[in-house]
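Here's the structure, in structure tokens; my notes come after.
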Amino acid sequence: MIDKKLSYKIGEKLKETRKKYKVSAKKIGEVLGYSQSHISGIENGTKVIPNNKFITNYLKFITNSNFSEMNFYINEINEIANGEIEIATYVDENTSLLDAFTYDFESDSSQINSLKYEKRNGESERKYFDFPINDLKFHLTDAENPKYFNKIKLSTNDRDHINKYIEDYIVLKYQIYLDQLNDLYSKNKINETSYNQEYYQIDRILKSIKGDNYGIL
């Protein structure tokens, strides 16, 4: 849970932002699953913000998922928090840079190297492997085993093309985010520290995808 004093400061910023977008506390409460009085309590400091996700969902709704605008307010809140909490900025509805890439890629091997499946008795079980079973890159470059899509066997050429399409898509996705980031920075809507943190994450992601083929942004 967020510290009460910090929650009050963030609540004030949320209220200010909500009024700017002319969204009622009742409406945002309906969307987030809280009563109008609870939302008002959070905004006025009598109730504590439950978690970071509340802030993210609050801003996502009032900005109508405009991620450039949403990220602007997230960075303002991160400045208010001064390191006490860190709200993740977003590339799109499902992709948060800080949530997805704050940690080293290999540190999440428990997810990459494990497969959860349902047994015949209906129970779920997770099996661990010594290779990245959930990484599409591994499967598309695995020359030892055949690969299929909807029971259609993929040729080496098929896999090369699919790998290239995915790489190009992800690179384009983060290049677009970089353009948004540069725009916010040029308009002094984020400070240099926030800019450098975000830039570092994008740089690391693109290097992980393109390897030696990746140039300086």
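Chain labels run A, B, ... following the order of the structure tokens; each chain numbers its residues from 1, and ligands are numbered from 1 in the order shown.
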
- Asn51 (chain A) environment, 10 Å, only C-alpha atoms, sequence neighbours closer than 3 positions dropped, as a list of chain:residue names: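 Close residues of Asn51 (chain A): A:Met1, A:Ile2, A:Ser7, A:Val48, A:Phe54, A:Ile55, A:Thr56, A:Ile85, A:Ile87.
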
- Extract the full set of helix (DSSP H, G or I) residues from region 16-186 of chain A according to DSSP on the backbone, and format it as number ranges by chain. A: 16-20, 25-32, 36-44, 52-62, 67-81, 97-101, 105-112, 136-141, 156-186

For the selection you just gave me, I'd like the residues written to a file as a JSON list (two decimals), in the first residue's frame, keeping C-alpha atoms.
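Printed below is selection10.json as written:
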```
[["chain", "number", "residue", "atom", "x", "y", "z"],
["A", 16, "GLU", "CA", -6.94, 17.73, -10.94],
["A", 17, "THR", "CA", -6.41, 15.56, -14.01],
["A", 18, "ARG", "CA", -9.91, 14.03, -13.85],
["A", 19, "LYS", "CA", -11.52, 17.47, -13.74],
["A", 20, "LYS", "CA", -9.43, 18.56, -16.70],
["A", 25, "ALA", "CA", -15.87, 10.53, -9.81],
["A", 26, "LYS", "CA", -19.01, 8.40, -10.09],
["A", 27, "LYS", "CA", -18.17, 7.31, -13.63],
["A", 28, "ILE", "CA", -14.57, 6.43, -12.88],
["A", 29, "GLY", "CA", -15.73, 4.56, -9.79],
["A", 30, "GLU", "CA", -18.09, 2.46, -11.90],
["A", 31, "VAL", "CA", -15.28, 1.57, -14.29],
["A", 32, "LEU", "CA", -12.71, 0.76, -11.59],
["A", 36, "GLN", "CA", -18.11, 7.43, -5.82],
["A", 37, "SER", "CA", -17.37, 8.17, -2.17],
["A", 38, "HIS", "CA", -14.33, 5.88, -2.23],
["A", 39, "ILE", "CA", -12.90, 7.63, -5.31],
["A", 40, "SER", "CA", -13.54, 11.02, -3.67],
["A", 41, "GLY", "CA", -11.86, 9.77, -0.50],
["A", 42, "ILE", "CA", -8.75, 8.76, -2.44],
["A", 43, "GLU", "CA", -8.67, 12.11, -4.23],
["A", 44, "ASN", "CA", -9.14, 14.07, -0.99],
["A", 52, "ASN", "CA", 0.05, 1.27, -8.49],
["A", 53, "LYS", "CA", -2.43, -0.50, -10.75],
["A", 54, "PHE", "CA", -5.22, 1.76, -9.47],
["A", 55, "ILE", "CA", -3.30, 4.82, -10.67],
["A", 56, "THR", "CA", -2.61, 3.22, -14.05],
["A", 57, "ASN", "CA", -6.24, 2.21, -14.61],
["A", 58, "TYR", "CA", -7.49, 5.61, -13.42],
["A", 59, "LEU", "CA", -5.31, 7.46, -15.93],
["A", 60, "LYS", "CA", -5.97, 4.96, -18.71],
["A", 61, "PHE", "CA", -9.71, 5.57, -18.42],
["A", 62, "ILE", "CA", -9.74, 9.36, -18.19],
["A", 67, "PHE", "CA", -0.80, 6.57, -24.14],
["A", 68, "SER", "CA", 1.16, 9.73, -24.92],
["A", 69, "GLU", "CA", -1.13, 11.71, -22.61],
["A", 70, "MET", "CA", -1.29, 8.89, -20.06],
["A", 71, "ASN", "CA", 2.51, 8.66, -19.93],
["A", 72, "PHE", "CA", 2.73, 12.42, -19.42],
["A", 73, "TYR", "CA", 0.64, 12.18, -16.24],
["A", 74, "ILE", "CA", 2.42, 9.02, -15.10],
["A", 75, "ASN", "CA", 5.73, 10.85, -15.30],
["A", 76, "GLU", "CA", 4.25, 13.77, -13.33],
["A", 77, "ILE", "CA", 3.16, 11.34, -10.61],
["A", 78, "ASN", "CA", 6.57, 9.66, -10.61],
["A", 79, "GLU", "CA", 8.12, 13.08, -10.01],
["A", 80, "ILE", "CA", 5.72, 13.67, -7.09],
["A", 81, "ALA", "CA", 6.61, 10.24, -5.69],
["A", 97, "LEU", "CA", 8.08, -0.83, -20.41],
["A", 98, "LEU", "CA", 8.89, -0.81, -16.72],
["A", 99, "ASP", "CA", 6.67, -3.80, -15.90],
["A", 100, "ALA", "CA", 8.01, -5.90, -18.74],
["A", 101, "PHE", "CA", 11.65, -4.90, -18.99],
["A", 105, "PHE", "CA", 15.70, -10.82, -19.52],
["A", 106, "GLU", "CA", 17.35, -13.98, -18.15],
["A", 107, "SER", "CA", 16.00, -13.29, -14.65],
["A", 108, "ASP", "CA", 12.52, -14.32, -15.81],
["A", 109, "SER", "CA", 13.64, -17.79, -16.93],
["A", 110, "SER", "CA", 11.02, -19.37, -14.65],
["A", 111, "GLN", "CA", 8.37, -18.12, -17.07],
["A", 112, "ILE", "CA", 10.34, -18.58, -20.27],
["A", 136, "LEU", "CA", 9.12, -17.87, -30.13],
["A", 137, "LYS", "CA", 12.66, -16.92, -31.16],
["A", 138, "PHE", "CA", 13.88, -20.29, -29.90],
["A", 139, "HIS", "CA", 11.29, -22.23, -31.90],
["A", 140, "LEU", "CA", 11.76, -20.23, -35.08],
["A", 141, "THR", "CA", 15.54, -20.76, -35.02],
["A", 156, "THR", "CA", 13.11, -23.13, -42.98],
["A", 157, "ASN", "CA", 12.14, -20.32, -45.31],
["A", 158, "ASP", "CA", 8.75, -19.98, -43.59],
["A", 159, "ARG", "CA", 10.39, -19.70, -40.20],
["A", 160, "ASP", "CA", 12.93, -17.15, -41.41],
["A", 161, "HIS", "CA", 10.15, -14.97, -42.80],
["A", 162, "ILE", "CA", 8.01, -15.25, -39.66],
["A", 163, "ASN", "CA", 11.01, -14.39, -37.48],
["A", 164, "LYS", "CA", 11.72, -11.34, -39.65],
["A", 165, "TYR", "CA", 8.07, -10.20, -39.53],
["A", 166, "ILE", "CA", 7.99, -10.39, -35.73],
["A", 167, "GLU", "CA", 11.31, -8.58, -35.38],
["A", 168, "ASP", "CA", 10.20, -5.81, -37.74],
["A", 169, "TYR", "CA", 6.90, -5.42, -35.89],
["A", 170, "ILE", "CA", 8.53, -5.13, -32.46],
["A", 171, "VAL", "CA", 11.18, -2.72, -33.72],
["A", 172, "LEU", "CA", 8.48, -0.53, -35.31],
["A", 173, "LYS", "CA", 6.43, -0.65, -32.11],
["A", 174, "TYR", "CA", 9.28, 0.66, -29.98],
["A", 175, "GLN", "CA", 10.40, 3.17, -32.58],
["A", 176, "ILE", "CA", 6.89, 4.65, -32.40],
["A", 177, "TYR", "CA", 7.15, 4.77, -28.63],
["A", 178, "LEU", "CA", 10.54, 6.46, -28.94],
["A", 179, "ASP", "CA", 8.97, 9.12, -31.17],
["A", 180, "GLN", "CA", 6.33, 9.72, -28.48],
["A", 181, "LEU", "CA", 9.02, 9.89, -25.83],
["A", 182, "ASN", "CA", 11.09, 12.40, -27.83],
["A", 183, "ASP", "CA", 7.98, 14.51, -28.39],
["A", 184, "LEU", "CA", 7.22, 14.65, -24.65],
["A", 185, "TYR", "CA", 10.84, 15.51, -23.86],
["A", 186, "SER", "CA", 11.05, 18.23, -26.50]]
```

Among region 3-213 of chain A, which residues does DSSP mark as strand (DSSP E or B) when it is run on the backbone? Keep the chain and numbering as in the structure and answer as a PDB file with N, CA, C and O atoms, in the first residue's frame.
```pdb
ATOM      1  N   TYR A  90       3.558   3.277 -20.654  1.00  0.00           N
ATOM      2  CA  TYR A  90       3.006   2.272 -21.563  1.00  0.00           C
ATOM      3  C   TYR A  90       3.306   2.558 -23.022  1.00  0.00           C
ATOM      4  O   TYR A  90       3.319   3.694 -23.467  1.00  0.00           O
ATOM      5  N   VAL A  91       3.524   1.457 -23.764  1.00  0.00           N
ATOM      6  CA  VAL A  91       3.674   1.524 -25.211  1.00  0.00           C
ATOM      7  C   VAL A  91       2.302   1.378 -25.858  1.00  0.00           C
ATOM      8  O   VAL A  91       1.960   2.050 -26.814  1.00  0.00           O
ATOM      9  N   ASP A  92       1.504   0.443 -25.359  1.00  0.00           N
ATOM     10  CA  ASP A  92       0.142   0.253 -25.814  1.00  0.00           C
ATOM     11  C   ASP A  92      -0.646  -0.338 -24.657  1.00  0.00           C
ATOM     12  O   ASP A  92      -0.171  -0.397 -23.531  1.00  0.00           O
ATOM     13  N   THR A  95       1.324  -3.328 -23.060  1.00  0.00           N
ATOM     14  CA  THR A  95       2.773  -3.346 -22.928  1.00  0.00           C
ATOM     15  C   THR A  95       3.291  -2.196 -22.091  1.00  0.00           C
ATOM     16  O   THR A  95       3.276  -1.052 -22.512  1.00  0.00           O
ATOM     17  N   SER A  96       3.774  -2.507 -20.928  1.00  0.00           N
ATOM     18  CA  SER A  96       4.378  -1.537 -20.034  1.00  0.00           C
ATOM     19  C   SER A  96       5.880  -1.746 -20.033  1.00  0.00           C
ATOM     20  O   SER A  96       6.362  -2.832 -19.751  1.00  0.00           O
ATOM     21  N   SER A 114       9.258 -22.650 -18.568  1.00  0.00           N
ATOM     22  CA  SER A 114       8.283 -23.563 -17.964  1.00  0.00           C
ATOM     23  C   SER A 114       6.989 -23.593 -18.766  1.00  0.00           C
ATOM     24  O   SER A 114       6.647 -22.635 -19.460  1.00  0.00           O
ATOM     25  N   LEU A 115       6.292 -24.715 -18.665  1.00  0.00           N
ATOM     26  CA  LEU A 115       5.042 -24.900 -19.392  1.00  0.00           C
ATOM     27  C   LEU A 115       3.968 -25.393 -18.424  1.00  0.00           C
ATOM     28  O   LEU A 115       4.143 -26.416 -17.757  1.00  0.00           O
ATOM     29  N   LYS A 116       2.881 -24.657 -18.356  1.00  0.00           N
ATOM     30  CA  LYS A 116       1.766 -25.064 -17.506  1.00  0.00           C
ATOM     31  C   LYS A 116       0.730 -25.773 -18.365  1.00  0.00           C
ATOM     32  O   LYS A 116       0.359 -25.285 -19.435  1.00  0.00           O
ATOM     33  N   TYR A 117       0.260 -26.912 -17.909  1.00  0.00           N
ATOM     34  CA  TYR A 117      -0.719 -27.676 -18.681  1.00  0.00           C
ATOM     35  C   TYR A 117      -1.676 -28.389 -17.734  1.00  0.00           C
ATOM     36  O   TYR A 117      -1.420 -28.531 -16.537  1.00  0.00           O
ATOM     37  N   GLU A 118      -2.794 -28.825 -18.306  1.00  0.00           N
ATOM     38  CA  GLU A 118      -3.808 -29.509 -17.504  1.00  0.00           C
ATOM     39  C   GLU A 118      -3.688 -31.013 -17.702  1.00  0.00           C
ATOM     40  O   GLU A 118      -3.682 -31.506 -18.838  1.00  0.00           O
ATOM     41  N   SER A 124      -3.834 -28.796 -12.667  1.00  0.00           N
ATOM     42  CA  SER A 124      -2.812 -28.084 -13.425  1.00  0.00           C
ATOM     43  C   SER A 124      -1.423 -28.424 -12.894  1.00  0.00           C
ATOM     44  O   SER A 124      -1.242 -28.629 -11.686  1.00  0.00           O
ATOM     45  N   GLU A 125      -0.473 -28.483 -13.801  1.00  0.00           N
ATOM     46  CA  GLU A 125       0.907 -28.757 -13.403  1.00  0.00           C
ATOM     47  C   GLU A 125       1.846 -27.922 -14.260  1.00  0.00           C
ATOM     48  O   GLU A 125       1.548 -27.639 -15.423  1.00  0.00           O
ATOM     49  N   ARG A 126       2.956 -27.497 -13.676  1.00  0.00           N
ATOM     50  CA  ARG A 126       3.950 -26.731 -14.416  1.00  0.00           C
ATOM     51  C   ARG A 126       5.227 -27.549 -14.526  1.00  0.00           C
ATOM     52  O   ARG A 126       5.759 -28.033 -13.531  1.00  0.00           O
ATOM     53  N   LYS A 127       5.709 -27.706 -15.746  1.00  0.00           N
ATOM     54  CA  LYS A 127       6.926 -28.480 -15.997  1.00  0.00           C
ATOM     55  C   LYS A 127       8.036 -27.529 -16.436  1.00  0.00           C
ATOM     56  O   LYS A 127       7.802 -26.618 -17.233  1.00  0.00           O
ATOM     57  N   TYR A 128       9.232 -27.762 -15.897  1.00  0.00           N
ATOM     58  CA  TYR A 128      10.361 -26.877 -16.192  1.00  0.00           C
ATOM     59  C   TYR A 128      11.352 -27.556 -17.133  1.00  0.00           C
ATOM     60  O   TYR A 128      11.582 -28.770 -17.055  1.00  0.00           O
ATOM     61  N   TYR A 148       5.309 -26.436 -36.550  1.00  0.00           N
ATOM     62  CA  TYR A 148       4.030 -26.448 -37.259  1.00  0.00           C
ATOM     63  C   TYR A 148       3.195 -25.232 -36.868  1.00  0.00           C
ATOM     64  O   TYR A 148       3.329 -24.698 -35.778  1.00  0.00           O
ATOM     65  N   PHE A 149       2.321 -24.837 -37.790  1.00  0.00           N
ATOM     66  CA  PHE A 149       1.314 -23.825 -37.500  1.00  0.00           C
ATOM     67  C   PHE A 149      -0.026 -24.406 -37.912  1.00  0.00           C
ATOM     68  O   PHE A 149      -0.276 -24.641 -39.090  1.00  0.00           O
ATOM     69  N   ILE A 152       0.253 -27.364 -40.013  1.00  0.00           N
ATOM     70  CA  ILE A 152       0.966 -27.175 -41.281  1.00  0.00           C
ATOM     71  C   ILE A 152       2.448 -27.047 -40.979  1.00  0.00           C
ATOM     72  O   ILE A 152       2.859 -26.192 -40.194  1.00  0.00           O
ATOM     73  N   LYS A 153       3.248 -27.905 -41.570  1.00  0.00           N
ATOM     74  CA  LYS A 153       4.682 -27.884 -41.304  1.00  0.00           C
ATOM     75  C   LYS A 153       5.321 -26.639 -41.923  1.00  0.00           C
ATOM     76  O   LYS A 153       5.061 -26.298 -43.089  1.00  0.00           O
TER      77      LYS A 153
END
```

- Item | Atomic distance CA of Gly83 (chain A) - CA of Tyr8 (chain A), expressed in Å with one decimal | 15.9 Å
